[in-house]
Each structure stands twice: as structure tokens, then as C-alpha cells.
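Data block for data01.pdb (PDB, C-alpha atoms):
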```pdb
ATOM      1  CA  ALA C   1     -53.767 -73.937-271.655  1.00  0.00           C
ATOM      2  CA  GLU C   2     -55.722 -75.721-268.997  1.00  0.00           C
ATOM      3  CA  GLY C   3     -56.672 -79.347-268.403  1.00  0.00           C
ATOM      4  CA  LYS C   4     -58.791 -80.733-265.563  1.00  0.00           C
ATOM      5  CA  GLY C   5     -58.402 -77.465-263.649  1.00  0.00           C
ATOM      6  CA  PHE C   6     -54.608 -77.334-263.925  1.00  0.00           C
ATOM      7  CA  ILE C   7     -52.461 -74.965-265.984  1.00  0.00           C
ATOM      8  CA  LEU C   8     -50.607 -77.119-268.504  1.00  0.00           C
ATOM      9  CA  GLY C   9     -48.992 -74.436-270.630  1.00  0.00           C
ATOM     10  CA  VAL C  10     -48.542 -70.684-271.019  1.00  0.00           C
ATOM     11  CA  ILE C  11     -47.437 -68.272-273.724  1.00  0.00           C
ATOM     12  CA  GLY C  12     -46.570 -64.599-273.447  1.00  0.00           C
ATOM     13  CA  GLN C  13     -45.668 -61.801-275.818  1.00  0.00           C
ATOM     14  CA  THR C  14     -44.178 -58.337-275.696  1.00  0.00           C
ATOM     15  CA  PRO C  15     -45.628 -55.184-277.204  1.00  0.00           C
ATOM     16  CA  TRP C  16     -44.433 -54.904-280.766  1.00  0.00           C
ATOM     17  CA  SER C  17     -42.032 -52.491-282.323  1.00  0.00           C
ATOM     18  CA  HIS C  18     -42.890 -49.723-284.749  1.00  0.00           C
ATOM     19  CA  ALA C  19     -42.900 -52.426-287.451  1.00  0.00           C
ATOM     20  CA  ARG C  20     -45.797 -54.107-285.621  1.00  0.00           C
ATOM     21  CA  VAL C  21     -43.926 -57.353-285.033  1.00  0.00           C
ATOM     22  CA  ALA C  22     -45.360 -59.348-282.136  1.00  0.00           C
ATOM     23  CA  GLU C  23     -42.716 -61.281-280.202  1.00  0.00           C
ATOM     24  CA  GLU C  24     -43.147 -64.341-278.011  1.00  0.00           C
ATOM     25  CA  VAL C  25     -41.178 -64.120-274.774  1.00  0.00           C
ATOM     26  CA  LEU C  26     -42.383 -67.254-273.026  1.00  0.00           C
ATOM     27  CA  LEU C  27     -43.712 -70.621-274.151  1.00  0.00           C
ATOM     28  CA  TYR C  28     -43.870 -73.343-271.527  1.00  0.00           C
ATOM     29  CA  VAL C  29     -45.695 -76.653-271.347  1.00  0.00           C
ATOM     30  CA  VAL C  30     -45.613 -78.880-268.249  1.00  0.00           C
ATOM     31  CA  PRO C  31     -43.155 -81.721-269.000  1.00  0.00           C
ATOM     32  CA  GLY C  32     -45.723 -84.516-268.683  1.00  0.00           C
ATOM     33  CA  HIS C  33     -47.917 -82.859-271.318  1.00  0.00           C
ATOM     34  CA  ARG C  34     -45.349 -81.955-273.960  1.00  0.00           C
ATOM     35  CA  ARG C  35     -45.808 -83.252-277.507  1.00  0.00           C
ATOM     36  CA  SER C  36     -49.566 -83.342-276.964  1.00  0.00           C
ATOM     37  CA  GLY C  37     -50.488 -80.358-279.137  1.00  0.00           C
ATOM     38  CA  ILE C  38     -50.609 -77.777-276.333  1.00  0.00           C
ATOM     39  CA  ALA C  39     -47.647 -75.742-277.609  1.00  0.00           C
ATOM     40  CA  GLN C  40     -49.050 -75.737-281.124  1.00  0.00           C
ATOM     41  CA  ALA C  41     -52.440 -74.555-279.871  1.00  0.00           C
ATOM     42  CA  LEU C  42     -50.786 -71.784-277.839  1.00  0.00           C
ATOM     43  CA  VAL C  43     -48.704 -70.567-280.798  1.00  0.00           C
ATOM     44  CA  GLU C  44     -51.745 -70.655-283.072  1.00  0.00           C
ATOM     45  CA  ALA C  45     -53.767 -68.674-280.517  1.00  0.00           C
ATOM     46  CA  LEU C  46     -50.995 -66.086-280.220  1.00  0.00           C
ATOM     47  CA  GLU C  47     -50.795 -65.825-284.007  1.00  0.00           C
ATOM     48  CA  ALA C  48     -54.568 -65.329-284.278  1.00  0.00           C
ATOM     49  CA  TRP C  49     -54.472 -62.656-281.587  1.00  0.00           C
ATOM     50  CA  ALA C  50     -51.527 -60.876-283.254  1.00  0.00           C
ATOM     51  CA  ARG C  51     -53.311 -60.886-286.633  1.00  0.00           C
ATOM     52  CA  ALA C  52     -56.474 -59.502-285.066  1.00  0.00           C
ATOM     53  CA  GLU C  53     -54.450 -56.735-283.410  1.00  0.00           C
ATOM     54  CA  GLY C  54     -52.839 -55.739-286.694  1.00  0.00           C
ATOM     55  CA  ALA C  55     -49.381 -57.248-286.276  1.00  0.00           C
ATOM     56  CA  THR C  56     -47.462 -57.713-289.515  1.00  0.00           C
ATOM     57  CA  ALA C  57     -45.302 -60.598-288.248  1.00  0.00           C
ATOM     58  CA  LEU C  58     -44.800 -62.885-285.261  1.00  0.00           C
ATOM     59  CA  ARG C  59     -41.306 -63.640-283.939  1.00  0.00           C
ATOM     60  CA  MET C  60     -40.733 -66.814-281.950  1.00  0.00           C
ATOM     61  CA  THR C  61     -37.479 -67.698-280.173  1.00  0.00           C
ATOM     62  CA  ALA C  62     -35.663 -70.943-279.503  1.00  0.00           C
ATOM     63  CA  GLN C  63     -32.447 -71.459-277.584  1.00  0.00           C
ATOM     64  CA  PRO C  64     -29.650 -73.842-278.610  1.00  0.00           C
ATOM     65  CA  GLY C  65     -30.686 -77.372-277.816  1.00  0.00           C
ATOM     66  CA  GLN C  66     -34.411 -76.709-278.208  1.00  0.00           C
ATOM     67  CA  GLY C  67     -34.861 -78.907-281.254  1.00  0.00           C
ATOM     68  CA  ALA C  68     -38.507 -79.598-280.470  1.00  0.00           C
ATOM     69  CA  ALA C  69     -39.266 -75.864-280.469  1.00  0.00           C
ATOM     70  CA  VAL C  70     -37.424 -75.373-283.760  1.00  0.00           C
ATOM     71  CA  ALA C  71     -39.374 -78.266-285.313  1.00  0.00           C
ATOM     72  CA  LEU C  72     -42.664 -76.877-283.979  1.00  0.00           C
ATOM     73  CA  TYR C  73     -42.033 -73.412-285.372  1.00  0.00           C
ATOM     74  CA  ALA C  74     -40.859 -74.738-288.738  1.00  0.00           C
ATOM     75  CA  GLY C  75     -43.940 -76.951-288.943  1.00  0.00           C
ATOM     76  CA  LEU C  76     -46.129 -73.896-288.375  1.00  0.00           C
ATOM     77  CA  GLY C  77     -44.489 -71.980-291.220  1.00  0.00           C
ATOM     78  CA  PHE C  78     -41.908 -69.937-289.315  1.00  0.00           C
ATOM     79  CA  GLU C  79     -38.520 -69.403-290.951  1.00  0.00           C
ATOM     80  CA  PRO C  80     -35.150 -68.592-289.368  1.00  0.00           C
ATOM     81  CA  ALA C  81     -34.882 -64.807-289.376  1.00  0.00           C
ATOM     82  CA  GLU C  82     -31.914 -63.623-287.358  1.00  0.00           C
ATOM     83  CA  GLN C  83     -29.017 -64.579-285.169  1.00  0.00           C
ATOM     84  CA  ALA C  84     -28.544 -63.345-281.619  1.00  0.00           C
ATOM     85  CA  PHE C  85     -25.314 -62.869-279.688  1.00  0.00           C
ATOM     86  CA  LEU C  86     -24.736 -63.061-275.951  1.00  0.00           C
ATOM     87  CA  LYS C  87     -21.763 -62.059-273.853  1.00  0.00           C
ATOM     88  CA  VAL C  88     -21.648 -63.435-270.325  1.00  0.00           C
ATOM     89  CA  LEU C  89     -20.598 -60.712-267.862  1.00  0.00           C
TER
END
```
Representation of the structure as C-alpha cells:
Amino acid sequence: AEGKGFILGVIGQTPWSHARVAEEVLLYVVPGHRRSGIAQALVEALEAWARAEGATALRMTAQPGQGAAVALYAGLGFEPAEQAFLKVL
């Protein structure tokens, strides 16, 4: 997303699995421009692209403490789908 010649937000995705699930790996909006609709527009653009490419689903991720991301995804119709585990080495 761009505004007045500056990058205000980005979104990235990985190639999907055999099940044709597109997966977001990066969603970032410059702090001074958060809660302005940029993240929503980026997610909607990624969803439109994934649909056009034949994806059957779109997986978004949120880390603990990212309540705004969880609210955004829920508001766009995403549902919790899985739980991840991490072991610090």
C-alpha cells in the first residue's frame, strides 16, 4: 500500500500446499497509519488474488498479543483453524 509516494504497508504470501491453501507470511503497516483501513485492503487484495489463482482457502497468522490482527481477521470472516507450538532452542 502506498500513500504520497511512501510505502505504508505490505503483505506477502507463500506458495500453497497441495490443498491449494494460500498462506500469508507478512502483514505490516507503518505504525502511524494503522487502523486506517490499509491492513484490511491488503488482506482483501490477497484474498482476491488467491481466489483468482484457484486457491481453496487463505490462512492468516497472528501471534500472541496481536489482538488487532485477530479482530481484523475475524471481521473479515476468518475463523480460528489451528494451534501452533514453538520450542526455543
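Distance-wise, atom CA of C:Val70 and atom CA of C:Ser36 end up 16.0 Å apart.
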(request) Please indicate the distance in Å from atom CA of C:Gly12 to atom CA of C:Leu42, rounded to one decimal place. (result) 9.4 Å
(message) With distances taken over only C-alpha atoms, which residue among C:Met60, C:Ala55, C:Ile7, C:Leu89 lies nearest C:Glu24?
(response) C:Met60
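Coordinates place atom CA of C:Gln13 at a distance of 9.4 Å from atom CA of C:Arg59.
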(request) Enumerate, as a PyMOL selection string, the protein, DNA and RNA residues whose atoms approach (-42.1, -60.4, -282.0) to within 12 Å, taking into account only C-alpha atoms and the coordinate frame of the file. (result) chain C and resi 12-26+46-47+50+55-61+81-82
Taking all listed atoms of stretch 56-70 of chain C, build the axis-aligned box, pad each of the six sides by 8 Å, then write its centre and edge lengths in Å to one decimal as lines of an AutoDock Vina configuration file.
```
center_x = -38.6
center_y = -68.7
center_z = -283.5
size_x = 33.8
size_y = 37.9
size_z = 27.9
```
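Among the candidates C:Leu8, C:Tyr73, C:Val88, C:Gly67, the one nearest to C:Arg34 when counting all atoms listed in the file is C:Leu8.
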(request) Identify all residues satisfying the PyMOL selection byres ((chain C and resi 69) around 12) in the given file; provide them as a PyMOL selection string. (result) chain C and resi 26-29+34-35+39-40+43+60-68+70-76+78
